[in-house]
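**Q** Dropping a structure here in structure tokens format, bear with me for questions.
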Amino acid sequence: MKFINKYLRNFTPYKLASHKIWTVDEESRSKMLKLDWNESTNPPSPKVSERINSIVKRGDFYNYYPSTYNQELLTLLSEYTCVPEKNIQYFASSDSLHEYVAKLYITVGDPVLVLGPSYDNFRLTAEVCGADVYFYNMENDFVFDNKMFCKIIDEKEPSLIYICNPNNPTGTQHSVSYIESMLNKYPTILFLIDEAYAEFSGITAKDLVLRYENIIISRTMSKAFGMANFRFGYLLASENNINYISSIRNPKNITTFAQEAAIGALSDIPYMKAYVKEVNKAKEMFLKGIDNFSDRIVYKKGEGNFQLLGCKTEEIKQTLIAHLEKNNIFVRDLGQTEYLRKYCIRITIGTREQMERVLQCMEDCFII
């Protein structure tokens with residue numbers, strides 16, 4: 001259609017997972033175990049509800065735009081990340097942040113390289129801006145080949161490289177020293193490091209933004225902090241990069257509810273850390289259980305609050321997905337590469353009790 005942006009006339013949409021929890025009543029929803037979008041399986045800190053309830057009772061702000069500069073929020077983000085306030089900016093989700101990054105740093109025809117298979121929404125975001133998106137996809141064993149990665153960088157000469165670290169969906173992770181070596185090797189390329197799952201791995205390149213101009217880091221509070229519904233993310237970058245992106249950012253797009261919820265969550269870091277600890281323990285327990293299905297499922301332990309599982313046949317994959325859904329357990333059917341599409345599922349890791357339910361359901365499936 002001639003009215004549509006020419007860069008989108010033949011685009012591939014970002015594939016959404018099932019969102020059936022919003023099509024059923026509250027009682028039915030309570031029986032579902034939603035493990036397909038890597039959200040927290042527990043609610044956020046009670047301090048979030050306290051902040052929200054407090055402002056709802058006031059109700060004296062609904063007719064006004066939200067605060068465009070929240071000093072309390074910036075201070076808490078700075079204290080949490082140990083990064084100066086001048087190196088931080090917050091957004092209405094990390095997806096929104098990525099859109100601003102694409103607007104600011106990508107022009108029509110720019111080559112953009114994605115270390116994949118990865119979070120596919122950024123691919124779409126870059127394409128919307130007219131970028132030519134290329135991929136370095138790890139092979140089926142998901143072993144990273146740095147020589148091949150650098151070869152593609154040298155061939156394509158991208159203006160921006162997107163690296164999810166830990167990577168979604170493989171769970172693989174790069175060390176801070178490796179990221180720094182790439183910043184030095186390719187000083188004219190901007191590296192966007194997506195640290196959506198950094199709380200679970202304990203690895204972050206945040207300190208590099210204080211020394212390098214060619215790195216920006218996106219963060220979200222949708223995972224470890226359990227605030228997916230509030231849509232809140234933030235950027236860590238050099239002061240120059242923060243100033244540039246702030247100049248095009250719409251500051252009134254972060255709702256008062258999201259800002260207050262973020263303040264509540266950041267005021268209770270021990271709550272978040274306790275949940276992360278529980279998830280990491282649950283993953284260890286879950287993978288020990290998966291070892292009992294080694295004739296049907298293979299895996300490599302990954303970082304993050306999820307685990308990629310490879311089924312040995314397409315039939316096993318489809319049978320397992322159907323059986324889990326029949327029992328109100330929803331997992332992610334992947335499709336970024338042919339191998340993922342045929343054989344792989346990604347399961348969000350919740351609490352030990354929740355993952356015991358998943359293992360029992362899988363056992364019932366394979367016995368049948």
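Identifiers for the structure tokens are assigned positionally: chains receive A, B, ... in sequence, residues are indexed from 1 per chain, and ligands are indexed from 1 in the order shown.
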I want to know what sits within 6 Å of stretch 342-355 of chain A, based on only C-alpha atoms, with residues of the same chain fewer than 6 positions away left out; could you give that as a PyMOL selection string?
**A** chain A and resi 35+38+41+279+282+305-311+314+317+331-334
**Q** Take the residues from that selection and put them in a file with N, CA and C atoms, as a PDB file, in the first residue's frame.
**A**
```
ATOM      1  N   LEU A  35       4.798 -18.628  31.661  1.00  0.00           N
ATOM      2  CA  LEU A  35       6.254 -18.742  31.571  1.00  0.00           C
ATOM      3  C   LEU A  35       6.739 -18.490  30.152  1.00  0.00           C
ATOM      4  N   ASN A  38       9.026 -14.135  30.061  1.00  0.00           N
ATOM      5  CA  ASN A  38      10.126 -13.845  30.997  1.00  0.00           C
ATOM      6  C   ASN A  38       9.786 -12.763  32.019  1.00  0.00           C
ATOM      7  N   THR A  41       7.392 -14.134  38.051  1.00  0.00           N
ATOM      8  CA  THR A  41       6.212 -14.948  38.383  1.00  0.00           C
ATOM      9  C   THR A  41       5.635 -14.555  39.733  1.00  0.00           C
ATOM     10  N   VAL A 279      14.931 -17.560  42.143  1.00  0.00           N
ATOM     11  CA  VAL A 279      14.890 -17.977  40.739  1.00  0.00           C
ATOM     12  C   VAL A 279      16.137 -18.768  40.372  1.00  0.00           C
ATOM     13  N   ALA A 282      15.851 -22.101  41.824  1.00  0.00           N
ATOM     14  CA  ALA A 282      14.834 -22.857  41.101  1.00  0.00           C
ATOM     15  C   ALA A 282      15.383 -23.379  39.774  1.00  0.00           C
ATOM     16  N   ASN A 305      16.505 -15.299  33.781  1.00  0.00           N
ATOM     17  CA  ASN A 305      15.393 -15.970  34.460  1.00  0.00           C
ATOM     18  C   ASN A 305      14.618 -16.860  33.490  1.00  0.00           C
ATOM     19  N   PHE A 306      15.339 -17.583  32.668  1.00  0.00           N
ATOM     20  CA  PHE A 306      14.724 -18.457  31.675  1.00  0.00           C
ATOM     21  C   PHE A 306      15.722 -19.543  31.294  1.00  0.00           C
ATOM     22  N   GLN A 307      15.222 -20.564  30.611  1.00  0.00           N
ATOM     23  CA  GLN A 307      16.095 -21.619  30.124  1.00  0.00           C
ATOM     24  C   GLN A 307      15.622 -22.067  28.746  1.00  0.00           C
ATOM     25  N   LEU A 308      16.562 -22.145  27.827  1.00  0.00           N
ATOM     26  CA  LEU A 308      16.289 -22.658  26.483  1.00  0.00           C
ATOM     27  C   LEU A 308      16.411 -24.173  26.508  1.00  0.00           C
ATOM     28  N   LEU A 309      15.394 -24.844  25.986  1.00  0.00           N
ATOM     29  CA  LEU A 309      15.405 -26.300  25.902  1.00  0.00           C
ATOM     30  C   LEU A 309      15.286 -26.725  24.445  1.00  0.00           C
ATOM     31  N   GLY A 310      16.125 -27.671  24.063  1.00  0.00           N
ATOM     32  CA  GLY A 310      16.067 -28.206  22.707  1.00  0.00           C
ATOM     33  C   GLY A 310      15.458 -29.603  22.706  1.00  0.00           C
ATOM     34  N   CYS A 311      14.375 -29.778  21.977  1.00  0.00           N
ATOM     35  CA  CYS A 311      13.743 -31.094  21.868  1.00  0.00           C
ATOM     36  C   CYS A 311      14.393 -31.869  20.721  1.00  0.00           C
ATOM     37  N   GLU A 314      10.826 -32.615  16.256  1.00  0.00           N
ATOM     38  CA  GLU A 314       9.753 -31.622  16.168  1.00  0.00           C
ATOM     39  C   GLU A 314       8.492 -32.122  16.866  1.00  0.00           C
ATOM     40  N   LYS A 317       8.630 -31.539  20.592  1.00  0.00           N
ATOM     41  CA  LYS A 317       8.389 -30.130  20.909  1.00  0.00           C
ATOM     42  C   LYS A 317       6.905 -29.800  20.889  1.00  0.00           C
ATOM     43  N   VAL A 331       4.533 -21.647  27.661  1.00  0.00           N
ATOM     44  CA  VAL A 331       5.956 -21.443  27.411  1.00  0.00           C
ATOM     45  C   VAL A 331       6.134 -20.803  26.041  1.00  0.00           C
ATOM     46  N   ARG A 332       7.349 -20.383  25.723  1.00  0.00           N
ATOM     47  CA  ARG A 332       7.588 -19.647  24.478  1.00  0.00           C
ATOM     48  C   ARG A 332       8.012 -20.581  23.348  1.00  0.00           C
ATOM     49  N   ASP A 333       7.245 -20.564  22.273  1.00  0.00           N
ATOM     50  CA  ASP A 333       7.569 -21.277  21.041  1.00  0.00           C
ATOM     51  C   ASP A 333       8.407 -20.326  20.192  1.00  0.00           C
ATOM     52  N   LEU A 334       9.667 -20.670  19.984  1.00  0.00           N
ATOM     53  CA  LEU A 334      10.607 -19.749  19.357  1.00  0.00           C
ATOM     54  C   LEU A 334      10.630 -19.869  17.834  1.00  0.00           C
TER      55      LEU A 334
END
```
**Q** Go through stretch 63-145 of chain A residue by residue and, counting only C-alpha atoms, keep those with an atom at most 10 Å from stretch 195-210 of chain A; for each kept residue give the shortest atom pair and its distance in Å to one decimal, ordered by chain and increasing number, as CSV.
**A**
```
residue,atom,partner,partner_atom,distance
A:Thr81,CA,A:Lys206,CA,7.8
A:Cys82,CA,A:Asp207,CA,8.6
A:Val83,CA,A:Asp207,CA,7.4
A:Pro84,CA,A:Leu210,CA,9.0
A:Asn87,CA,A:Leu210,CA,7.8
A:Ser94,CA,A:Ala196,CA,8.3
```
**Q** Just the helix (DSSP H, G or I) stuff from stretch 140-292 of chain A, please, per backbone DSSP, written as a PyMOL selection string.
**A** chain A and resi 146-156+176-185+198-201+206-210+228-230+239-248+256-266+269-292
**Q** Can you build me a table of stretch 130-173 of chain A residues sitting at most 8 Å from stretch 106-123 of chain A, with the closest atom pair per residue and its distance in Å to one decimal, using only C-alpha atoms, sorted by chain and residue number, as a Markdown table?
**A**
```
| residue | atom | partner | partner_atom | distance |
| --- | --- | --- | --- | --- |
| A:Gly130 | CA | A:Val108 | CA | 4.4 |
| A:Ala131 | CA | A:Asp110 | CA | 4.9 |
| A:Asp132 | CA | A:Pro111 | CA | 4.7 |
| A:Val133 | CA | A:Val112 | CA | 4.8 |
| A:Tyr134 | CA | A:Leu113 | CA | 4.8 |
| A:Phe135 | CA | A:Val114 | CA | 4.9 |
| A:Tyr136 | CA | A:Leu115 | CA | 5.1 |
| A:Asn137 | CA | A:Gly116 | CA | 4.4 |
| A:Met138 | CA | A:Gly116 | CA | 6.3 |
| A:Ile153 | CA | A:Leu113 | CA | 7.6 |
| A:Lys156 | CA | A:Pro111 | CA | 6.7 |
| A:Glu157 | CA | A:Pro111 | CA | 7.0 |
| A:Pro158 | CA | A:Pro111 | CA | 4.6 |
| A:Ser159 | CA | A:Pro111 | CA | 6.0 |
| A:Leu160 | CA | A:Val112 | CA | 5.1 |
| A:Ile161 | CA | A:Leu113 | CA | 4.8 |
| A:Tyr162 | CA | A:Val114 | CA | 4.8 |
| A:Ile163 | CA | A:Leu115 | CA | 5.5 |
| A:Cys164 | CA | A:Ser118 | CA | 6.9 |
| A:Asn167 | CA | A:Ser118 | CA | 6.4 |
| A:Asn168 | CA | A:Ser118 | CA | 5.3 |
| A:Pro169 | CA | A:Ser118 | CA | 6.1 |
| A:Thr170 | CA | A:Pro117 | CA | 7.5 |
```
**Q** Please produce a file of the residues just selected, as a compact mmCIF listing (two decimals), in the first residue's frame, where the atoms kept are N, CA and C atoms.
**A**
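Writing done, so here's again02.txt:
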```
# COMPACT_ATOMS: atom_id res chain seq x y z
N GLY A 130 14.66 2.28 8.71
CA GLY A 130 15.30 2.13 7.40
C GLY A 130 16.64 1.45 7.43
N ALA A 131 17.01 0.84 8.56
CA ALA A 131 18.31 0.17 8.65
C ALA A 131 18.31 -1.13 7.86
N ASP A 132 19.49 -1.50 7.40
CA ASP A 132 19.70 -2.82 6.82
C ASP A 132 20.23 -3.71 7.96
N VAL A 133 19.39 -4.63 8.42
CA VAL A 133 19.74 -5.42 9.60
C VAL A 133 20.37 -6.74 9.18
N TYR A 134 21.52 -7.03 9.78
CA TYR A 134 22.24 -8.27 9.55
C TYR A 134 22.37 -9.02 10.87
N PHE A 135 22.63 -10.33 10.77
CA PHE A 135 22.72 -11.15 11.97
C PHE A 135 24.01 -11.96 11.98
N TYR A 136 24.58 -12.07 13.15
CA TYR A 136 25.52 -13.15 13.41
C TYR A 136 24.77 -14.11 14.33
N ASN A 137 24.33 -15.23 13.78
CA ASN A 137 23.58 -16.19 14.57
C ASN A 137 24.49 -17.33 15.01
N MET A 138 24.53 -17.56 16.31
CA MET A 138 25.28 -18.70 16.80
C MET A 138 24.70 -19.98 16.23
N ILE A 153 31.54 -8.26 11.23
CA ILE A 153 31.65 -6.83 11.53
C ILE A 153 32.52 -6.14 10.48
N LYS A 156 30.46 -6.04 7.05
CA LYS A 156 29.25 -5.21 7.00
C LYS A 156 29.49 -3.77 7.47
N GLU A 157 30.53 -3.57 8.26
CA GLU A 157 30.84 -2.24 8.81
C GLU A 157 29.59 -1.59 9.40
N PRO A 158 28.99 -2.22 10.39
CA PRO A 158 27.75 -1.67 10.97
C PRO A 158 27.99 -0.38 11.72
N SER A 159 26.96 0.45 11.75
CA SER A 159 27.04 1.67 12.56
C SER A 159 26.66 1.37 14.00
N LEU A 160 25.87 0.30 14.20
CA LEU A 160 25.42 -0.08 15.53
C LEU A 160 25.38 -1.59 15.65
N ILE A 161 25.78 -2.11 16.80
CA ILE A 161 25.72 -3.54 17.09
C ILE A 161 24.87 -3.74 18.34
N TYR A 162 23.89 -4.63 18.22
CA TYR A 162 22.99 -4.93 19.34
C TYR A 162 23.38 -6.26 19.96
N ILE A 163 23.68 -6.23 21.27
CA ILE A 163 24.04 -7.44 22.00
C ILE A 163 23.20 -7.52 23.26
N CYS A 164 22.40 -8.55 23.37
CA CYS A 164 21.63 -8.82 24.58
C CYS A 164 22.52 -9.65 25.50
N ASN A 167 22.09 -13.21 26.79
CA ASN A 167 21.32 -13.24 25.56
C ASN A 167 19.97 -13.93 25.76
N ASN A 168 18.97 -13.35 25.16
CA ASN A 168 17.64 -13.94 25.10
C ASN A 168 17.40 -14.39 23.66
N PRO A 169 17.24 -15.69 23.37
CA PRO A 169 16.80 -16.75 24.28
C PRO A 169 17.87 -17.76 24.70
N THR A 170 19.10 -17.63 24.25
CA THR A 170 20.08 -18.70 24.49
C THR A 170 20.62 -18.70 25.91
```
**Q** Pick out each residue of stretch 129-312 of chain A that DSSP on the backbone tags as strand (DSSP E or B); I need them as JSON, numbers by chain.
**A** {"A": [132, 133, 134, 135, 136, 137, 160, 161, 162, 163, 164, 190, 191, 192, 193, 194, 215, 216, 217, 218, 219, 220, 233, 234, 235, 236, 297, 298, 306, 307, 308, 309, 310, 311]}
**Q** Name the residues in contact with A:Ala224 at a cut-off of 7 Å, using only C-alpha atoms, excluding same-chain residues fewer than 2 positions from it; report them as a VMD selection string.
**A** chain A and resid 40 199 221 to 222 226 272 276
**Q** To one decimal place in Å, what is the distance between atom CA of A:Tyr62 and atom CA of A:Ile88?
**A**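 Atom-to-atom, atom CA of A:Tyr62 to atom CA of A:Ile88, that is 26.9 Å.
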**Q** Counting only C-alpha atoms, figure out which residue out of A:Ile263, A:Ile193, A:Phe366, A:Tyr65 gets nearest to A:Asp295.
**A**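 Result for the nearest residue to A:Asp295: A:Phe366.
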